[in-house]
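Source file: work.tsv. Holds: TSV, C-alpha atoms (C1' of nucleotides).
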```
chain	number	residue	atom	x	y	z
X	1	MET	CA	164.49	-23.36	260.99
X	2	ASN	CA	168.27	-23.84	260.84
X	3	ARG	CA	170.93	-25.25	263.14
X	4	ASP	CA	172.00	-21.80	264.37
X	5	PHE	CA	168.63	-21.50	266.08
X	6	PHE	CA	169.79	-24.12	268.60
X	7	ASP	CA	173.40	-22.97	268.87
X	8	ARG	CA	172.96	-20.39	271.64
X	9	SER	CA	172.04	-20.15	275.28
X	10	VAL	CA	169.58	-22.81	276.41
X	11	HIS	CA	167.43	-20.15	278.04
X	12	GLU	CA	167.21	-18.14	274.87
X	13	VAL	CA	166.29	-21.24	272.88
X	14	ALA	CA	163.72	-22.30	275.50
X	15	ARG	CA	161.97	-18.93	275.19
X	16	GLU	CA	162.28	-18.71	271.41
X	17	LEU	CA	160.71	-22.15	271.01
X	18	ILE	CA	157.49	-20.93	272.62
X	19	GLY	CA	155.00	-20.41	269.81
X	20	CYS	CA	156.93	-22.47	267.24
X	21	GLU	CA	155.23	-25.35	265.48
X	22	LEU	CA	156.62	-28.81	266.15
X	23	ARG	CA	155.73	-31.51	263.67
X	24	VAL	CA	156.49	-35.23	263.98
X	25	GLY	CA	155.23	-37.12	260.97
X	26	PRO	CA	151.51	-36.48	260.50
X	27	THR	CA	151.07	-34.89	263.93
X	28	ALA	CA	151.87	-31.31	264.91
X	29	GLY	CA	151.24	-28.65	267.51
X	30	VAL	CA	152.34	-25.24	268.75
X	31	ILE	CA	154.85	-25.36	271.62
X	32	VAL	CA	153.30	-23.72	274.70
X	33	GLU	CA	155.59	-24.94	277.50
X	34	THR	CA	159.35	-25.61	277.78
X	35	GLU	CA	161.98	-26.02	280.47
X	36	ALA	CA	165.71	-25.21	280.34
X	37	TYR	CA	168.33	-27.64	281.69
X	38	GLU	CA	171.91	-26.43	281.58
X	39	GLU	CA	175.04	-28.44	282.22
X	40	ASN	CA	176.00	-26.79	285.51
X	41	ASP	CA	172.53	-27.47	286.87
X	42	PRO	CA	172.06	-30.31	289.38
X	43	ALA	CA	168.72	-31.18	287.76
X	44	CYS	CA	170.31	-31.66	284.33
X	45	HIS	CA	171.21	-35.17	283.25
X	46	ALA	CA	174.58	-33.90	282.02
X	47	TYR	CA	175.49	-32.62	285.49
X	48	ILE	CA	176.98	-35.96	286.57
X	49	GLY	CA	179.22	-36.10	283.51
X	50	ARG	CA	179.08	-38.06	280.31
X	51	THR	CA	177.38	-41.47	280.42
X	52	THR	CA	175.82	-43.78	277.86
X	53	ARG	CA	172.38	-42.41	278.58
X	54	ASN	CA	173.19	-38.70	278.27
X	55	GLU	CA	175.87	-38.73	275.58
X	56	VAL	CA	173.56	-37.07	273.05
X	57	LEU	CA	173.58	-33.97	275.28
X	58	PHE	CA	177.30	-33.66	274.60
X	59	GLY	CA	176.81	-33.86	270.83
X	60	PRO	CA	175.92	-31.16	268.30
X	61	PRO	CA	172.92	-28.84	268.78
X	62	GLY	CA	169.63	-29.35	266.96
X	63	HIS	CA	169.27	-33.02	267.85
X	64	ALA	CA	166.68	-34.85	269.95
X	65	TYR	CA	167.56	-36.20	273.39
X	66	VAL	CA	164.90	-38.76	274.30
X	67	TYR	CA	165.00	-40.81	277.49
X	68	LEU	CA	162.67	-42.98	279.50
X	69	SER	CA	161.14	-41.50	282.64
X	70	TYR	CA	159.67	-43.67	285.40
X	71	GLY	CA	160.06	-46.67	283.13
X	72	ILE	CA	157.03	-45.62	281.13
X	73	HIS	CA	157.26	-42.23	279.49
X	74	SER	CA	159.59	-41.06	276.74
X	75	LEU	CA	160.55	-37.42	277.29
X	76	LEU	CA	161.58	-35.22	274.36
X	77	ASN	CA	164.38	-32.65	274.66
X	78	PHE	CA	166.17	-30.42	272.14
X	79	VAL	CA	169.95	-30.23	272.47
X	80	THR	CA	171.32	-26.65	272.42
X	81	GLU	CA	174.73	-24.90	272.56
X	82	SER	CA	176.61	-28.12	272.93
X	83	GLU	CA	180.07	-26.68	272.34
X	84	GLY	CA	181.47	-27.22	275.83
X	85	SER	CA	178.03	-26.92	277.40
X	86	ALA	CA	175.73	-29.93	277.41
X	87	SER	CA	172.33	-28.26	277.73
X	88	ALA	CA	168.85	-29.05	276.49
X	89	VAL	CA	165.27	-27.80	276.40
X	90	LEU	CA	162.54	-30.16	277.63
X	91	ILE	CA	159.39	-29.84	275.52
X	92	ARG	CA	156.55	-30.03	278.06
X	93	ALA	CA	153.33	-29.16	276.24
X	94	LEU	CA	151.81	-28.42	272.83
X	95	GLU	CA	148.58	-26.98	271.56
X	96	PRO	CA	147.58	-29.66	269.02
X	97	THR	CA	147.03	-28.45	265.45
X	98	ASP	CA	147.38	-31.40	263.05
X	99	GLY	CA	146.76	-35.13	263.21
X	100	ILE	CA	144.44	-34.70	266.15
X	101	GLU	CA	142.45	-37.86	265.42
X	102	LEU	CA	145.67	-39.90	265.38
X	103	MET	CA	146.69	-38.30	268.67
X	104	ARG	CA	143.33	-39.28	270.16
X	105	GLU	CA	143.87	-42.89	269.11
X	106	ARG	CA	147.39	-43.01	270.51
X	107	ARG	CA	146.37	-41.36	273.77
X	108	GLY	CA	143.05	-43.13	274.24
X	109	ARG	CA	141.47	-39.80	275.15
X	110	ASP	CA	139.16	-37.39	273.39
X	111	GLU	CA	139.61	-34.05	275.18
X	112	ILE	CA	142.00	-31.92	273.17
X	113	GLU	CA	143.51	-30.47	276.37
X	114	GLN	CA	144.54	-33.99	277.39
X	115	LEU	CA	146.48	-34.88	274.23
X	116	CYS	CA	149.78	-33.00	274.69
X	117	SER	CA	149.57	-31.27	278.10
X	118	GLY	CA	152.65	-32.87	279.64
X	119	PRO	CA	155.98	-34.28	278.46
X	120	GLY	CA	154.89	-37.92	278.66
X	121	LYS	CA	151.54	-37.23	277.03
X	122	LEU	CA	153.10	-35.23	274.22
X	123	SER	CA	155.54	-37.99	273.31
X	124	GLU	CA	152.77	-40.56	273.25
X	125	ALA	CA	150.56	-38.35	271.06
X	126	LEU	CA	153.38	-37.61	268.62
X	127	GLY	CA	154.72	-41.16	268.54
X	128	VAL	CA	158.11	-40.14	269.98
X	129	ASP	CA	160.04	-42.99	271.58
X	130	LEU	CA	163.62	-43.97	272.39
X	131	SER	CA	164.34	-44.85	268.76
X	132	LEU	CA	164.43	-41.10	268.09
X	133	ASN	CA	167.17	-40.43	270.64
X	134	GLY	CA	169.93	-38.60	268.79
X	135	ALA	CA	167.79	-37.91	265.72
X	136	ASP	CA	168.33	-34.67	263.78
X	137	LEU	CA	165.57	-32.15	264.45
X	138	LEU	CA	166.09	-30.61	261.02
X	139	ALA	CA	165.21	-33.81	259.17
X	140	PRO	CA	162.11	-36.02	258.95
X	141	PRO	CA	160.15	-37.13	260.87
X	142	PHE	CA	160.80	-33.84	262.66
X	143	GLU	CA	159.94	-30.42	261.33
X	144	LEU	CA	160.11	-27.12	263.19
X	145	VAL	CA	158.53	-23.93	261.96
X	146	GLU	CA	159.39	-20.53	263.40
X	147	ARG	CA	156.57	-18.88	265.25
X	148	GLU	CA	154.10	-16.49	263.75
X	149	GLY	CA	152.33	-13.87	265.80
X	150	GLU	CA	152.92	-12.70	269.35
X	151	PHE	CA	153.01	-14.68	272.57
X	152	GLU	CA	153.30	-13.38	276.10
X	153	ILE	CA	155.70	-15.66	277.97
X	154	THR	CA	155.82	-16.37	281.70
X	155	ALA	CA	158.71	-17.84	283.71
X	156	SER	CA	158.14	-20.02	286.78
X	157	PRO	CA	159.86	-22.88	288.65
X	158	ARG	CA	160.32	-26.20	286.88
X	159	ILE	CA	158.03	-29.17	287.55
X	160	GLY	CA	158.67	-32.61	288.94
X	161	ILE	CA	162.28	-32.17	290.08
X	162	THR	CA	163.84	-32.05	293.53
X	163	LYS	CA	167.21	-30.51	292.70
X	164	ALA	CA	167.46	-26.78	291.93
X	165	ALA	CA	163.67	-26.70	292.04
X	166	ASP	CA	163.55	-22.98	292.78
X	167	LEU	CA	165.05	-21.77	289.52
X	168	PRO	CA	162.41	-20.10	287.27
X	169	TRP	CA	163.40	-21.92	284.11
X	170	ARG	CA	159.96	-23.10	282.99
X	171	TYR	CA	158.51	-21.02	280.17
X	172	CYS	CA	154.83	-20.97	279.21
X	173	VAL	CA	152.47	-19.12	276.92
X	174	ALA	CA	150.60	-16.84	279.32
X	175	GLY	CA	147.00	-17.95	279.77
X	176	SER	CA	147.25	-21.10	277.64
X	177	ARG	CA	144.89	-23.90	278.61
X	178	PHE	CA	147.20	-26.46	276.97
X	179	VAL	CA	150.04	-26.30	279.54
X	180	SER	CA	150.79	-29.31	281.75
X	181	ARG	CA	149.88	-27.52	284.97
X	182	PRO	CA	148.91	-23.97	285.83
X	183	TRP	CA	151.86	-21.93	287.07
X	184	PRO	CA	151.92	-20.39	290.54
X	185	SER	CA	150.80	-16.83	289.92
X	186	ALA	CA	152.98	-15.40	292.68
X	187	ALA	CA	156.13	-16.90	291.18
X	188	SER	CA	155.48	-16.20	287.53
X	189	SER	CA	156.52	-13.12	285.66
X	190	VAL	CA	156.31	-11.98	282.09
X	191	VAL	CA	159.75	-12.32	280.58
X	192	GLY	CA	159.15	-11.32	277.01
X	193	HIS	CA	156.98	-11.16	273.98
X	194	ALA	CA	157.46	-13.23	270.89
X	195	ALA	CA	157.60	-11.38	267.62
R	1	DC	C1'	139.07	-30.28	293.93
R	2	DA	C1'	143.28	-32.31	296.83
R	3	DG	C1'	146.06	-36.00	298.12
R	4	DT	C1'	147.91	-40.73	297.58
R	5	DG	C1'	149.86	-44.75	295.50
R	6	DG	C1'	150.78	-48.11	291.72
R	7	DA	C1'	152.64	-49.10	287.15
R	8	DT	C1'	157.11	-49.94	285.03
R	9	DG	C1'	162.18	-50.14	283.25
R	10	DC	C1'	166.45	-48.25	282.71
R	11	DT	C1'	170.70	-45.95	284.70
R	12	DC	C1'	173.97	-45.39	288.05
R	13	DT	C1'	176.07	-46.67	292.74
W	1	DG	C1'	168.87	-51.52	295.12
W	2	DA	C1'	167.48	-46.73	294.85
W	3	DG	C1'	165.82	-43.12	292.31
W	4	DC	C1'	163.71	-40.98	288.92
W	5	DA	C1'	162.40	-34.00	284.25
W	6	DT	C1'	155.21	-38.92	284.72
W	7	DC	C1'	150.46	-40.30	284.34
W	8	DC	C1'	146.25	-42.23	285.84
W	9	DA	C1'	142.85	-44.08	288.94
W	10	DC	C1'	141.17	-43.94	293.16
W	11	DT	C1'	140.02	-42.00	297.59
W	12	DG	C1'	137.90	-38.39	300.52
W	13	DT	C1'	136.07	-34.04	301.08
```

Rendering of file as structure tokens:
Amino acid sequence: MNRDFFDRSVHEVARELIGCELRVGPTAGVIVETEAYEENDPACHAYIGRTTRNEVLFGPPGHAYVYLSYGIHSLLNFVTESEGSASAVLIRALEPTDGIELMRERRGRDEIEQLCSGPGKLSEALGVDLSLNGADLLAPPFELVEREGEFEITASPRIGITKAADLPWRYCVAGSRFVSRPWPSAASSVVGHAA
DNA sequence: CAGTGGATGCTCT
DNA sequence: GAGCATCCACTGT
């Protein structure tokens, strides 16, 4: 995967990431759930302007934006189209494929559905923390592999936010049991197929 | 199952 | 000092 992959609309990147493999060191999984956060979006950290916390969002695309949520969880985002638009994709869930035993140790859980089914869980399982804020996604410990096969993608409202909560900017693999939460069937719609 | 509340720390006002 | 892009354990059906 190259830098151009990230240098386009955050919504396009959020959908294209579905089905890609994300590797962090010895652990890896297939991305099954993402959310888009664009600069002119009250729920986006960049909305309030540039601060010390969110400055990575204003930097070049293809880098990791990691921040601490609720004082406990590190949440992993991919910076996109940053030329004049500080936007990012939140990685919300993976289907684990490699390093599963290590993930189990880090998570303290055995069930494979409980290893990466949420942004906080996923970071813990992959060993992502604040030290990776600003890190290049195209260099170790990160590795991203373009998807193989087809995925039916649904769009539904984002999770856990209060601002702009009605926008359908959460993307999931249809029918996956590895997503953080089931989507509301009435609000979801198939938005595309992955090649 | 569904609903509730505590843990925990950093950022911004 | 308030407010979080969360998770888990506990309660009550």

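Proximity to DC10 in chain W at 12 Å, evaluated using only C-alpha atoms (C1' of nucleotides) and with sequence-adjacent residues fewer than 4 positions away removed, yields DG3, DT4, DG5 and DG6 of chain R.
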
Mind dumping the selected residues with C-alpha atoms (C1' of nucleotides) as a PDB file, in the coordinates of the input?
```pdb
ATOM      1  C1'  DG R   3     146.060 -36.000 298.120  1.00  0.00           C
ATOM      2  C1'  DT R   4     147.910 -40.730 297.580  1.00  0.00           C
ATOM      3  C1'  DG R   5     149.860 -44.750 295.500  1.00  0.00           C
ATOM      4  C1'  DG R   6     150.780 -48.110 291.720  1.00  0.00           C
TER       5       DG R   6
END
```

message = Applying 8 Å and all atoms listed in the file, which residues near Gly29 in chain X remain after dropping the ones on its own chain fewer than 2 positions away? List them as a list in words.
response = Glu21, Leu22, Arg23, Thr27, Ile31, Leu94, Glu95, Pro96, Thr97 and Asp98 of chain X

ask   = Taking all atoms listed in the file into account, what are the residues of chain R at most 9 Å from chain X, put as number ranges by chain?
value = R: 7-11

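CA of Glu35 in chain X sits 8.8 Å away from CA of Cys172 in chain X.
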
request  = Residues of chain W near chain X: apply a cut-off of 10 Å, count only C-alpha atoms (C1' of nucleotides), and supply the list as a list in words.
outcome  = DG3, DC4, DA5, DT6 and DC7 of chain W

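As for CA of Trp169 in chain X and CA of Ser9 in chain X, they are spaced 12.5 Å apart.
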
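Take C1' of DA2 in chain W and CA of Thr34 in chain X: the distance between them is 28.3 Å.
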
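Among the candidate residues X:Asp41, X:Glu113, X:Glu124, X:Glu150, the one lying nearest to Arg177 in chain X is X:Glu113, with distances computed using only C-alpha atoms.
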
query = Leaving out range 129-140 of chain X and any residue of its chain fewer than 4 positions from it, which residues lie within 9 Å of it when counting all atoms listed in the file, given as a list of chain:residue names?
reply = X:Met1, X:Asn2, X:Arg3, X:Val24, X:Gly25, X:Val56, X:Leu57, X:Gly59, X:Pro61, X:Gly62, X:His63, X:Ala64, X:Tyr65, X:Val66, X:Tyr67, X:Leu68, X:His73, X:Ser74, X:Leu75, X:Leu76, X:Phe78, X:Ser123, X:Glu124, X:Leu144

Point (145.3, -40.1, 283.4) neighbourhood (10 Å, only C-alpha atoms (C1' of nucleotides)) written as a short mmCIF file (atom, residue, chain, number, x, y, z; two decimals) with C-alpha atoms (C1' of nucleotides), in the frame of the given file:
```cif
data_model
loop_
_atom_site.label_atom_id
_atom_site.label_comp_id
_atom_site.auth_asym_id
_atom_site.auth_seq_id
_atom_site.Cartn_x
_atom_site.Cartn_y
_atom_site.Cartn_z
CA ARG X 107 146.37 -41.36 273.77
CA GLY X 108 143.05 -43.13 274.24
CA ARG X 109 141.47 -39.80 275.15
CA GLN X 114 144.54 -33.99 277.39
CA LYS X 121 151.54 -37.23 277.03
"C1'" DC W 7 150.46 -40.30 284.34
"C1'" DC W 8 146.25 -42.23 285.84
"C1'" DA W 9 142.85 -44.08 288.94
#
```

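Using all atoms listed in the file, the contacts of Val173 in chain X at a cut-off of 9 Å, with sequence neighbours closer than 4 positions omitted, comprise Ile18, Gly19, Ile31, Val32, Glu33, Phe151, Glu152, Ile153, Thr154 and Val179 of chain X.
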
Report as JSON the centre and the edge lengths, in Å to one decimal, of the axis-aligned box holding every listed atom of range 174-177 of chain X, padded by 8 Å on each side.
```
{"center_x": 147.7, "center_y": -20.4, "center_z": 278.7, "size_x": 21.7, "size_y": 23.1, "size_z": 18.1}
```

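Using all atoms listed in the file for every distance, the candidate list X:Thr80, X:Asp166, X:Ser176, X:Val30 yields X:Val30 as the residue closest to Leu122 in chain X.
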
Please supply range 81-95 of chain X, rebuilt with N, CA and C atoms, as a CSV table (one decimal), in the coordinates of the input.
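Now in selection33.csv:
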```csv
chain,number,residue,atom,x,y,z
X,81,GLU,N,173.3,-25.3,272.4
X,81,GLU,CA,174.7,-24.9,272.6
X,81,GLU,C,175.6,-26.0,273.1
X,82,SER,N,175.9,-27.0,272.3
X,82,SER,CA,176.6,-28.1,272.9
X,82,SER,C,178.1,-28.0,272.9
X,83,GLU,N,178.6,-26.9,272.3
X,83,GLU,CA,180.1,-26.7,272.3
X,83,GLU,C,180.5,-26.4,273.8
X,84,GLY,N,181.0,-27.4,274.5
X,84,GLY,CA,181.5,-27.2,275.8
X,84,GLY,C,180.4,-27.0,276.8
X,85,SER,N,179.1,-27.1,276.5
X,85,SER,CA,178.0,-26.9,277.4
X,85,SER,C,176.9,-27.8,277.0
X,86,ALA,N,176.7,-28.9,277.7
X,86,ALA,CA,175.7,-29.9,277.4
X,86,ALA,C,174.4,-29.5,278.0
X,87,SER,N,173.6,-28.8,277.2
X,87,SER,CA,172.3,-28.3,277.7
X,87,SER,C,171.2,-28.7,276.8
X,88,ALA,N,170.0,-28.7,277.3
X,88,ALA,CA,168.8,-29.0,276.5
X,88,ALA,C,167.6,-28.4,277.0
X,89,VAL,N,166.6,-28.3,276.1
X,89,VAL,CA,165.3,-27.8,276.4
X,89,VAL,C,164.3,-29.0,276.4
X,90,LEU,N,163.6,-29.1,277.5
X,90,LEU,CA,162.5,-30.2,277.6
X,90,LEU,C,161.3,-29.6,277.1
X,91,ILE,N,160.7,-30.3,276.1
X,91,ILE,CA,159.4,-29.8,275.5
X,91,ILE,C,158.3,-30.4,276.4
X,92,ARG,N,157.5,-29.6,277.0
X,92,ARG,CA,156.6,-30.0,278.1
X,92,ARG,C,155.1,-30.0,277.6
X,93,ALA,N,154.7,-29.2,276.7
X,93,ALA,CA,153.3,-29.2,276.2
X,93,ALA,C,153.2,-28.5,274.9
X,94,LEU,N,152.2,-29.0,274.1
X,94,LEU,CA,151.8,-28.4,272.8
X,94,LEU,C,150.3,-28.1,272.8
X,95,GLU,N,150.0,-27.2,271.9
X,95,GLU,CA,148.6,-27.0,271.6
X,95,GLU,C,148.4,-27.7,270.2
```
